Amino acid sequence: MKLLEYQAKQIFGKFGIPTPRSYIVESSKEAEDSANKLGGSAAIKAQLPVGGRGKAGGILFANTPSEAAEAASSLLGSKMKDLEIRKVLIEEKLDIEDELYLGVVVDRRNKSYVVLASSEGGVDIEEVAVKTPEKIVRHVVDPLHGLRSYHALWIAKQLGYSGRKMSALADIVGKLYKVAVEMDAELTEINPLAEIADGFMAADARLNIDNNALFRHRDLAETFQWSESLELSEREQEAGELGLTYVELDGNIGVIGNGAGLTMATIDTVTLHGGKPANFLDLGGGASPKRIESGVSFVLSDPRVSALFVNVLGGITRCDDTARGIIEARRRAPLEKPIVVRMMGTNEEEGKKLLEEAGIDTLDTMEDAAERVVALVGGS
Amino acid sequence: MKLLEYQAKQIFGKFGIPTPRSYIVESSKEAEDSANKLGGSAAIKAQLPVGGRGKAGGILFANTPSEAAEAASSLLGSKMKDLEIRKVLIEEKLDIEDELYLGVVVDRRNKSYVVLASSEGGVDIEEVAVKTPEKIVRHVVDPLHGLRSYHALWIAKQLGYSGRKMSALADIVGKLYKVAVEMDAELTEINPLAEIADGFMAADARLNIDNNALFRHRDLAETFQWSESLELSEREQEAGELGLTYVELDGNIGVIGNGAGLTMATIDTVTLHGGKPANFLDLGGGASPKRIESGVSFVLSDPRVSALFVNVLGGITRCDDTARGIIEARRRAPLEKPIVVRMMGTNEEEGKKLLEEAGIDTLDTMEDAAERVVALVGGS
Amino acid sequence: MVKFINEDTQVLVQGITGIQGRFHTKLMLEYGTKIVAGVTPGRGEQEVDGIPVYDTIAEAQEKHALDASIIFVPAPYALDASLEAIEARLDPVAVITEGIPVRDSIDILARAGLGDTTIVGPNTPGLIKPGMSKLGIMPAQVFREGSVGIVSRSGTLFYEIAAQITRVGLGQSTCIGIGGDPIVGLDFIDVLQWFEENNETEIIALIGEIGGDAEERAAEFIGQGGLTKPVAAYIAGRAAVPGKRMGHAGAIIQGSAGTAQSKIEALEKAGVVVGERPGDVARILMRMT
Amino acid sequence: MVKFINEDTQVLVQGITGIQGRFHTKLMLEYGTKIVAGVTPGRGEQEVDGIPVYDTIAEAQEKHALDASIIFVPAPYALDASLEAIEARLDPVAVITEGIPVRDSIDILARAGLGDTTIVGPNTPGLIKPGMSKLGIMPAQVFREGSVGIVSRSGTLFYEIAAQITRVGLGQSTCIGIGGDPIVGLDFIDVLQWFEENNETEIIALIGEIGGDAEERAAEFIGQGGLTKPVAAYIAGRAAVPGKRMGHAGAIIQGSAGTAQSKIEALEKAGVVVGERPGDVARILMRMT
């Protein structure tokens, strides 16, 4: 789950990270009032979970409250990267001396968190990593000890600070790590971290939370809904409500598999044969006839889909159950979309027999089935 | 710092440990109202940091609000173990099926916390430990892992519970450990932990907090003042304000030393020679003349003190500084109380010379000095 | 180094009273795995398929000499279940549970490292030595004794390829699913090292997918001579969309990192033959024998 | 086992810029201790008595080969300072700081155990090898080279008895203050074991006090033959009041536990000669030589 800037900043603030004074608003009138409270001038920032907002024109500046109202009005309701701007953040302008980067991410290789810091802030850190990797300070956290004050000081020192500013920066590093751990963050980032006269301030904020950990953050349930609604397509949201693991793609061949790897491989194979998958739908392990039916119906109901490819490896999932689910879905929605099934494993013969009786194509290998389904929609 | 029952219960409650409904009151009128809110019958419990309240008559029971008022009025203002009862807790009566003991204490030997649990609750756990040690379940916590759910379950199982009650008990064990760690407790205890029809409830609560950790619990500063005022004598409180490490004893020989061990040994030696120390006062390491003067003046001002024994081992603390402090204290309060000084170490000669000039006795060994001071107050 | 179970290994099932736990306990018993006890907190004193259930491992250990564990408990309880297994010095511990928070996995693995416990997973199908025993949830019928070692991040794709290997007549020595999460215990390199030393394994199938750089690291290890046995590989997710999680928590292309292309190139550079389609793996292996 | 400093040991002072740190750095340097660096966060790039100061140990280690550390930082920061020393693999680490929360001490010692770092203290005067070096705050003039090993929970009482031992002409081999807190790293038994193996130590003085059961455990160790060299002891606090803390955080009689009487009886049962007065210790030791 990706939090919006203002949500991330609220959480950062709770952990004691300095953030600029700001107001979140949904109208130009509120924007004007807020700018007034901030003393007239302000930054007006579109709240969307996308990178590169600045370049895309999502951050405007105003010198007076009326300018702020105008800026807010130009942003609100407009679209950026296909998403509608519904909220803007009205924030005090900072007198920035320098811009740093600070992030805590999951480090797969070291099986821990890694703190990344750079004196090159305000730009894409991946670019910095490619162009000037020596400008990135990395500290892999030992999970048994956590990030201690002396680690944070070392990081701040590596960025070239000493004395009071070093201590202030180290304090923020320590708190950002605390945010990462306590909020179960996949990524937490301050970019840029603004150096100002008497310290530092989080000028921007990113916080992506591990969906698997939401049971520890029940207060974020509502935020989660909102975040899903921004990130996912309508069909993806519907699939989520049905409990299906579904990703929308832009083709015309519906793809259903059991298991993430197998479903990915199915999509790859369809693509290799010149077909264009319309979706990725993983039924998961030990799917029941009911679940299979629900998945098949969901994909068939997609107007973009001209044919469906179901690829099931029977292990815990039984082939006869799969067949029954498919047949039931077809019975309920008697559309003229062809279905190609490839199944193998537990109760394979029984499943194939059921499908044949229902007039549904079955093939023995993934390759053959992929070829057939591509041919059915008119080939590559 | 010893918290009172009601303070401990408030904290336990915050950590999710079930506690009875209750009201803390300071008048019989409030007691009546509270009993009313509880449905009429109630337990009325004196709030004092002493053990064995029940036996001493500090816990009364009422079946009606007016009985509660009467009970509260009999307790409030009365004394128990020399302490005045200023608050009583009005608490719902529990329908108790069984009483358990649950505690978390610091385990010096294993350098960790140890969880103690017993099916023998409501009685002194030290007595249980002596008489029927097999009835105490002990679990030493590995500080690197903490007390995990499976440890808590094991403890609950050892007490003879299974199924839902085991889980409920384990939950409380886990939370009590959390209280111990997060509150920096030296001792945290539920005795008795009442087994009721649908679970367990903390019928009593003890929570002693490590004074060294108060910097992490600033919200308890006020509680600390109150707690000190209950536990310490007036002179001990005054000494505390002067920053002196002082314990009041019941004799007539003032004793001042530098370092806890040396001061204890001084008291022992005075006692061995038949004297009765009036106090323990440890100047600590590297005491300044100012600090020494303050300590000497403080002890001399005690009307019970007939003679003073100052025993200083000069290391970081200098003997000449000690002498100057003593002389200045004597000058400011020219009482006719004899002072015996034994000093040794850094600048010993200079110190002795200064004292001799001021007419103050100095001796070379602790033993001789102890003998002399005992003789001065009239021997054993 | 990876310890493996054999016919004498006494296995504990954590979360044995749940639907998954019950189901797979039965299947593992049928396959010959020596399951001697189960644990589900609050469900002590029951039985599942004749296996006694305890509330804690400590109690189970009073009655049984336990060696290895397989964990089916729901994600919110998997942290403590894993730590309990680690503290009880069980090894290996296969964590089947899907959906464990990354923070918990980090914690589990750090503590496992203290006592040198091998954690397989989380989010793994487990491991199987065909014909002898399995500590996992894979369908037994697709495996057959043989000389191919399989290591995979995926579950069903792993069975798919194993089935094809079996069909071409090769069979498998040992097959290990390392798990589809971003953070897993046993990784490709650990397993490849073990295959290198394992006499029963002659050739290896490596099944990877998009996300992270586990395959690139494996390629580096192979390229540096860490593995001398021939490897055939397949990488799922060539057609995946960047930024979208493809089912597995770990299967996501972030920015330009974790693409199938990057993994395929790295593996090929290290001398691994990478198939275009899953079916290619068995064909390539056949050529290698 | 206890490592000790010698003339080659390179010592770090943590909290070197504080009043205590500065003062004792000077005294230790005068005694011959090879202090090579100091650390105070936020005070890097300064100097104390010619010793360079760094913000972190990591930086100090880039310039110096550090062996041991002595810690003077205020109690609220002692946890991190100790962990920093442990992580930097310094050994031994003498924690002079008084008033550290027990919870922090527990944490420090648990983590020290992972890497086998010896923590002396907290709330200790440190250790001294008379005539060679000291890692502590004891006044040097009361010590002299000799054959008595001293181990003590107390500070000044330890100096008092050392001075008397010196005065009777015996001198000391090695003296270690284990600290006056309830929870300390190095304890009586560790030191007694070390004395048993240490050729320079012929007889031993053990200085205990009320609170806890460290002396009883030492007595048990001696009684079971763990120590064969003769021991003279003194226990402070015969006249102490139960329930009152006598200066040291650890010096408190709780209920019937931790009394001087219990300790004296245990030690005497183990064959230790216990003096009634501090001055008795030197006299007893004289008779033992």
# chains A, B, ... in the order shown; residues from 1 in each chain; ligands from 1
>>> interface_residues(of="chain C", to="chain D", cutoff="12 Å", atoms="only C-alpha atoms", output="list in words")
Arg111, Gly113, Leu114 and Gly115 of chain C
>>> interface_residues(of="chain A", to="chain D", cutoff="8 Å", atoms="only C-alpha atoms", output="list in words")
Arg148, Ser149, Tyr150, Leu153, Trp154, Ser162, Gly163, Arg164, Met166 and Ser167 of chain A
>>> closest_residue(among="B:Val299, B:Leu144, B:Val255, B:Ile85", to="chain A", atoms="only C-alpha atoms")
B:Leu144
>>> residues_around(residues="region 185-202 of chain D", least_positions_apart="4", cutoff="8 Å", atoms="only C-alpha atoms", output="list in words")
Met1, Val2, Leu109, Thr118, Ile119, Val120, Gly121, Pro122, Gly146, Ser147, Val148, Gly149, Val151, Ser152, Gln172, Ser173, Thr174, Ile176, Ile178, Ala214, Glu215, Arg217, Ala218, Phe221, Gly226, Leu227, Thr228, Lys229 and Pro230 of chain D
>>> select_by_dssp(residues="region 48-278 of chain A", states="strand (DSSP E)", output="MDAnalysis selection string")
chainID A and resid 59:62 79:80 83:84 88:91 98:107 112:118 136:140 185:196 199:202 206:209 245:248 253:257
>>> residues_around(residues="Ser262 (chain C)", least_positions_apart="2", cutoff="12 Å", atoms="only C-alpha atoms", output="JSON, numbers by chain")
{"C": [208, 209, 210, 211, 212, 213, 214, 215, 216, 217, 219, 235, 237, 238, 253, 256, 257, 258, 259, 260, 264, 265, 266, 267, 268, 269]}
>>> residues_around(residues="Ser118 (chain A)", least_positions_apart="3", cutoff="7 Å", atoms="only C-alpha atoms", output="MDAnalysis selection string")
chainID A and resid 100:102 121 135:137 159
>>> select_by_dssp(residues="region 17-140 of chain D", states="helix (DSSP H, G or I)", output="ChimeraX atom specification")
/D:19-31,57-63,75-87,102-115,140
>>> residues_around(residues="region 44-57 of chain A", least_positions_apart="6", cutoff="6 Å", atoms="only C-alpha atoms", output="list in words")
Leu4, Lys87, Val88, Leu89 and Ile90 of chain A
>>> residues_around(residues="Arg144 (chain C)", least_positions_apart="4", cutoff="12 Å", atoms="only C-alpha atoms", output="list in words")
Ile128, Lys129, Pro130, Gly131, Met132, Ser133, Pro139, Ala140, Val148, Gly149, Tyr159, Ala162, Ala163, Gln164, Ile165, Thr166, Arg167, Val168, Gly169, Leu170, Gly171, Gln172, Ser173, Thr174 and Cys175 of chain C
